Amino acid sequence: MSDTKGEDADEVPASDAAPPQQAVDPRLLEILVCPLTKQPLVYDRTRNELISRAAGLAYPIRGGIPIMLPDEARPLDA
Amino acid sequence: MSNKAMTDETVSDQTDFGFRAVPRADKKSLVREVFASVAPRYDLMNDLMSLGIHRVWKQIFVTQLDPRPRRRLLDLAGGTGDISFAWLGRGGGPAILSDINPAMLEVGRNRAVERGHVASLSFLVADAEALPIPSGSMDVVSMAFGLRNCTDKDAVLTEALRVLRPGGRFLCLEFSRLEIAALIPLYEAWSFQVLPRLGRVFAGDAESYQYLAESIRMFPDQQALAGMMRTAGFSRVAVRNLSGGIAAIHSGWKL
């Protein structure tokens with residue numbers, strides 16, 4: 001009854017060849033919006049960025065922490 | 001486009017950085033440099049600067065935040081984590097520890113790991129003037145010793161109001177105006193003579209602490225900040241002085 005939790009580590013997808021990096025908090029990924037447009041973001045797992053199509057910006061994630069500053073974001077190629 | 005609230009008043013192209021006037025566009029990076037410089041010693045310096053009283057102020061502040069398990073906290077300018085940790089330690093719900101400065105947040109994360117607070121805590125680098133948080137999604141927004149360092153304080157208040165759900169509350173802990181006239185000379189001497197020296201000795205950085213002392217003097221007093229909160233749209237704005245007004249807690253509801 002009480003010992004069924006916490007053993008789901010084998011659910012983690014291991015397919016990405018990206019170097020090991022601290023995982024982004026899934027609760028944050030769920031709610032974060034673009035600070036400029038307040039529109040939803042798309043998580044680009046391979047580049048480890050949060051994409052705001054409306055603003056044309058990709059916000060980096062460093063050490064598992066989303067850096068939601070337009071100054072630090074990469075402009076998306078047109 | 002940005003939905004940052006525009007005010008009618010003409011926006012000057014200069015703002016305060018301590019006692020200096022600097023171009024508005026420069027303040028953010030100047031403040032960032034100050035906090036990147038002080039981050040590793042920030043907690044120690046706070047103890048020295050306030051003789052440990054900042055810990056008492058923060059405890060009072062967190063009590064006023066009224067932590068409850070189902071409440072979500074957005075901790076703005078949360079830096080090294082004092083407010084978020086106390087919130088979680090007192091049974092508060094999920095907290096987002098945010099700061100514009102990754103160096104401060106890194107210190108906070110290391111402390112969170114030591115304290116075992118990681119499970120209900122998220123870390124976020126964000127500018128309080130333009131939050132990456134959906135409207136109406138937070139129950140409590142807190143900002144302790146952060147608003148002073150923001151360039152556009154009205155934008156911060158507008159954003160705090162936006163992300164709160166109706167019935168949610170914003171609380172700000174900040175240095176304010178000492179209301180005991182007899183103590184003012186002592187306080188001035190402490191701030192401008194002792195503090196920068198402490199900064200030089202303990203953090204190797206007198207200038208940053210000079211800035212901190214100056215920025216406290218430039219910050220709106222109790223009534224001025226309360227007025228700004230009402231203008232931003234907060235209801236039932238209240239002020240509580242701490243240590244005779246050296247610091248104050250401002251609170252307001254989104255109704």
# chains A, B, ... in the order shown; residues from 1 in each chain; ligands from 1
>>> residues_around(residues="B:Asp13", least_positions_apart="2", cutoff="9 Å", atoms="only C-alpha atoms", output="list in words")
Val11, Thr15, Val22, Pro23, Arg24 and Ala25 of chain B
>>> residues_around(residues="B:Arg169", least_positions_apart="6", cutoff="8 Å", atoms="only C-alpha atoms", output="list in words")
Asp139, Val140, Val141, Ser251, Gly252, Trp253 and Lys254 of chain B
>>> interface_residues(of="chain A", to="chain B", cutoff="8 Å", atoms="only C-alpha atoms", output="list of chain:residue names")
A:Asp25, A:Arg27, A:Leu28, A:Ile31, A:Leu32, A:Val33, A:Cys34, A:Pro35, A:Leu36, A:Thr37, A:Lys38, A:Ala55, A:Ile65, A:Pro66, A:Ile67, A:Met68, A:Leu69
>>> write_last_selection(atoms="N, CA and C atoms", output="PDB file, in the first residue's frame")
ATOM      1  N   ASP A  25      12.471  21.902 -14.506  1.00  0.00           N
ATOM      2  CA  ASP A  25      11.327  21.609 -13.683  1.00  0.00           C
ATOM      3  C   ASP A  25      10.060  21.477 -14.546  1.00  0.00           C
ATOM      4  N   ARG A  27       7.000  21.430 -13.778  1.00  0.00           N
ATOM      5  CA  ARG A  27       5.914  22.354 -13.399  1.00  0.00           C
ATOM      6  C   ARG A  27       6.115  23.722 -14.029  1.00  0.00           C
ATOM      7  N   LEU A  28       7.395  24.131 -14.135  1.00  0.00           N
ATOM      8  CA  LEU A  28       7.680  25.416 -14.778  1.00  0.00           C
ATOM      9  C   LEU A  28       7.379  25.341 -16.267  1.00  0.00           C
ATOM     10  N   ILE A  31       3.799  25.977 -17.139  1.00  0.00           N
ATOM     11  CA  ILE A  31       3.121  27.268 -17.008  1.00  0.00           C
ATOM     12  C   ILE A  31       3.827  28.438 -17.694  1.00  0.00           C
ATOM     13  N   LEU A  32       5.126  28.339 -17.919  1.00  0.00           N
ATOM     14  CA  LEU A  32       5.862  29.526 -18.403  1.00  0.00           C
ATOM     15  C   LEU A  32       5.284  30.060 -19.710  1.00  0.00           C
ATOM     16  N   VAL A  33       5.262  31.391 -19.811  1.00  0.00           N
ATOM     17  CA  VAL A  33       4.863  32.064 -21.047  1.00  0.00           C
ATOM     18  C   VAL A  33       5.991  33.029 -21.435  1.00  0.00           C
ATOM     19  N   CYS A  34       5.904  33.547 -22.648  1.00  0.00           N
ATOM     20  CA  CYS A  34       6.897  34.515 -23.101  1.00  0.00           C
ATOM     21  C   CYS A  34       6.722  35.809 -22.295  1.00  0.00           C
ATOM     22  N   PRO A  35       7.798  36.325 -21.718  1.00  0.00           N
ATOM     23  CA  PRO A  35       7.663  37.543 -20.907  1.00  0.00           C
ATOM     24  C   PRO A  35       7.233  38.763 -21.730  1.00  0.00           C
ATOM     25  N   LEU A  36       7.469  38.738 -23.046  1.00  0.00           N
ATOM     26  CA  LEU A  36       7.090  39.881 -23.886  1.00  0.00           C
ATOM     27  C   LEU A  36       5.663  39.761 -24.386  1.00  0.00           C
ATOM     28  N   THR A  37       5.317  38.580 -24.916  1.00  0.00           N
ATOM     29  CA  THR A  37       4.005  38.427 -25.559  1.00  0.00           C
ATOM     30  C   THR A  37       2.985  37.760 -24.643  1.00  0.00           C
ATOM     31  N   LYS A  38       3.444  37.122 -23.571  1.00  0.00           N
ATOM     32  CA  LYS A  38       2.610  36.330 -22.658  1.00  0.00           C
ATOM     33  C   LYS A  38       1.960  35.144 -23.386  1.00  0.00           C
ATOM     34  N   ALA A  55       7.344  36.119 -30.364  1.00  0.00           N
ATOM     35  CA  ALA A  55       8.398  37.112 -30.166  1.00  0.00           C
ATOM     36  C   ALA A  55       9.618  36.832 -31.045  1.00  0.00           C
ATOM     37  N   ILE A  65      17.823  25.806 -15.281  1.00  0.00           N
ATOM     38  CA  ILE A  65      17.053  27.001 -14.929  1.00  0.00           C
ATOM     39  C   ILE A  65      16.708  27.803 -16.187  1.00  0.00           C
ATOM     40  N   PRO A  66      15.418  27.987 -16.478  1.00  0.00           N
ATOM     41  CA  PRO A  66      15.033  28.793 -17.643  1.00  0.00           C
ATOM     42  C   PRO A  66      15.462  30.254 -17.443  1.00  0.00           C
ATOM     43  N   ILE A  67      16.116  30.796 -18.457  1.00  0.00           N
ATOM     44  CA  ILE A  67      16.576  32.189 -18.405  1.00  0.00           C
ATOM     45  C   ILE A  67      15.591  33.007 -19.252  1.00  0.00           C
ATOM     46  N   MET A  68      14.580  33.556 -18.600  1.00  0.00           N
ATOM     47  CA  MET A  68      13.479  34.179 -19.349  1.00  0.00           C
ATOM     48  C   MET A  68      13.702  35.682 -19.546  1.00  0.00           C
ATOM     49  N   LEU A  69      14.901  36.027 -20.016  1.00  0.00           N
ATOM     50  CA  LEU A  69      15.246  37.424 -20.263  1.00  0.00           C
ATOM     51  C   LEU A  69      15.426  37.638 -21.761  1.00  0.00           C
TER      52      LEU A  69
END
>>> residues_around(residues="stretch 58-64 of chain B", least_positions_apart="2", cutoff="8 Å", atoms="only C-alpha atoms", output="ChimeraX atom specification")
/B:54-56,66-67,82-83,86-87,144,173,249
>>> write_last_selection(atoms="N, CA and C atoms", output="PDB file, in the first residue's frame")
ATOM      1  N   HIS B  54      17.651  41.473   9.785  1.00  0.00           N
ATOM      2  CA  HIS B  54      16.918  41.116   8.560  1.00  0.00           C
ATOM      3  C   HIS B  54      16.267  39.739   8.689  1.00  0.00           C
ATOM      4  N   ARG B  55      16.851  38.875   9.515  1.00  0.00           N
ATOM      5  CA  ARG B  55      16.242  37.549   9.722  1.00  0.00           C
ATOM      6  C   ARG B  55      14.895  37.668  10.442  1.00  0.00           C
ATOM      7  N   VAL B  56      14.850  38.559  11.411  1.00  0.00           N
ATOM      8  CA  VAL B  56      13.596  38.779  12.137  1.00  0.00           C
ATOM      9  C   VAL B  56      12.553  39.372  11.191  1.00  0.00           C
ATOM     10  N   ASP B  66       1.337  34.152   5.076  1.00  0.00           N
ATOM     11  CA  ASP B  66       0.331  33.171   5.463  1.00  0.00           C
ATOM     12  C   ASP B  66       0.429  31.888   4.624  1.00  0.00           C
ATOM     13  N   PRO B  67       1.542  31.137   4.774  1.00  0.00           N
ATOM     14  CA  PRO B  67       1.734  29.928   3.962  1.00  0.00           C
ATOM     15  C   PRO B  67       0.644  28.892   4.225  1.00  0.00           C
ATOM     16  N   ASP B  82      15.860  32.963   1.062  1.00  0.00           N
ATOM     17  CA  ASP B  82      15.335  33.051   2.431  1.00  0.00           C
ATOM     18  C   ASP B  82      13.809  32.963   2.503  1.00  0.00           C
ATOM     19  N   ILE B  83      13.129  33.702   1.640  1.00  0.00           N
ATOM     20  CA  ILE B  83      11.671  33.768   1.733  1.00  0.00           C
ATOM     21  C   ILE B  83      11.044  32.440   1.300  1.00  0.00           C
ATOM     22  N   ALA B  86      11.586  29.700   3.945  1.00  0.00           N
ATOM     23  CA  ALA B  86      10.732  29.866   5.125  1.00  0.00           C
ATOM     24  C   ALA B  86       9.282  29.543   4.785  1.00  0.00           C
ATOM     25  N   TRP B  87       8.848  29.926   3.597  1.00  0.00           N
ATOM     26  CA  TRP B  87       7.490  29.607   3.134  1.00  0.00           C
ATOM     27  C   TRP B  87       7.279  28.091   3.138  1.00  0.00           C
ATOM     28  N   ALA B 144      11.039  40.591  -1.456  1.00  0.00           N
ATOM     29  CA  ALA B 144      11.753  41.077  -0.276  1.00  0.00           C
ATOM     30  C   ALA B 144      13.071  41.702  -0.708  1.00  0.00           C
ATOM     31  N   LEU B 173       8.557  43.476   1.100  1.00  0.00           N
ATOM     32  CA  LEU B 173       9.399  43.858   2.240  1.00  0.00           C
ATOM     33  C   LEU B 173      10.562  44.673   1.688  1.00  0.00           C
ATOM     34  N   ILE B 249       6.672  46.500   5.546  1.00  0.00           N
ATOM     35  CA  ILE B 249       5.956  45.525   4.722  1.00  0.00           C
ATOM     36  C   ILE B 249       4.736  46.221   4.132  1.00  0.00           C
TER      37      ILE B 249
END
>>> select_by_dssp(residues="stretch 58-144 of chain B", states="strand (DSSP E or B)", output="PyMOL selection string")
chain B and resi 73-76+95-99+121-127+130+138-144
>>> select_by_dssp(residues="stretch 15-226 of chain B", states="alpha helix (DSSP H)", output="MDAnalysis selection string")
chainID B and resid 24:38 42:50 53:65 82:89 102:115 153:163 184:189 195:203 206:218 222:226
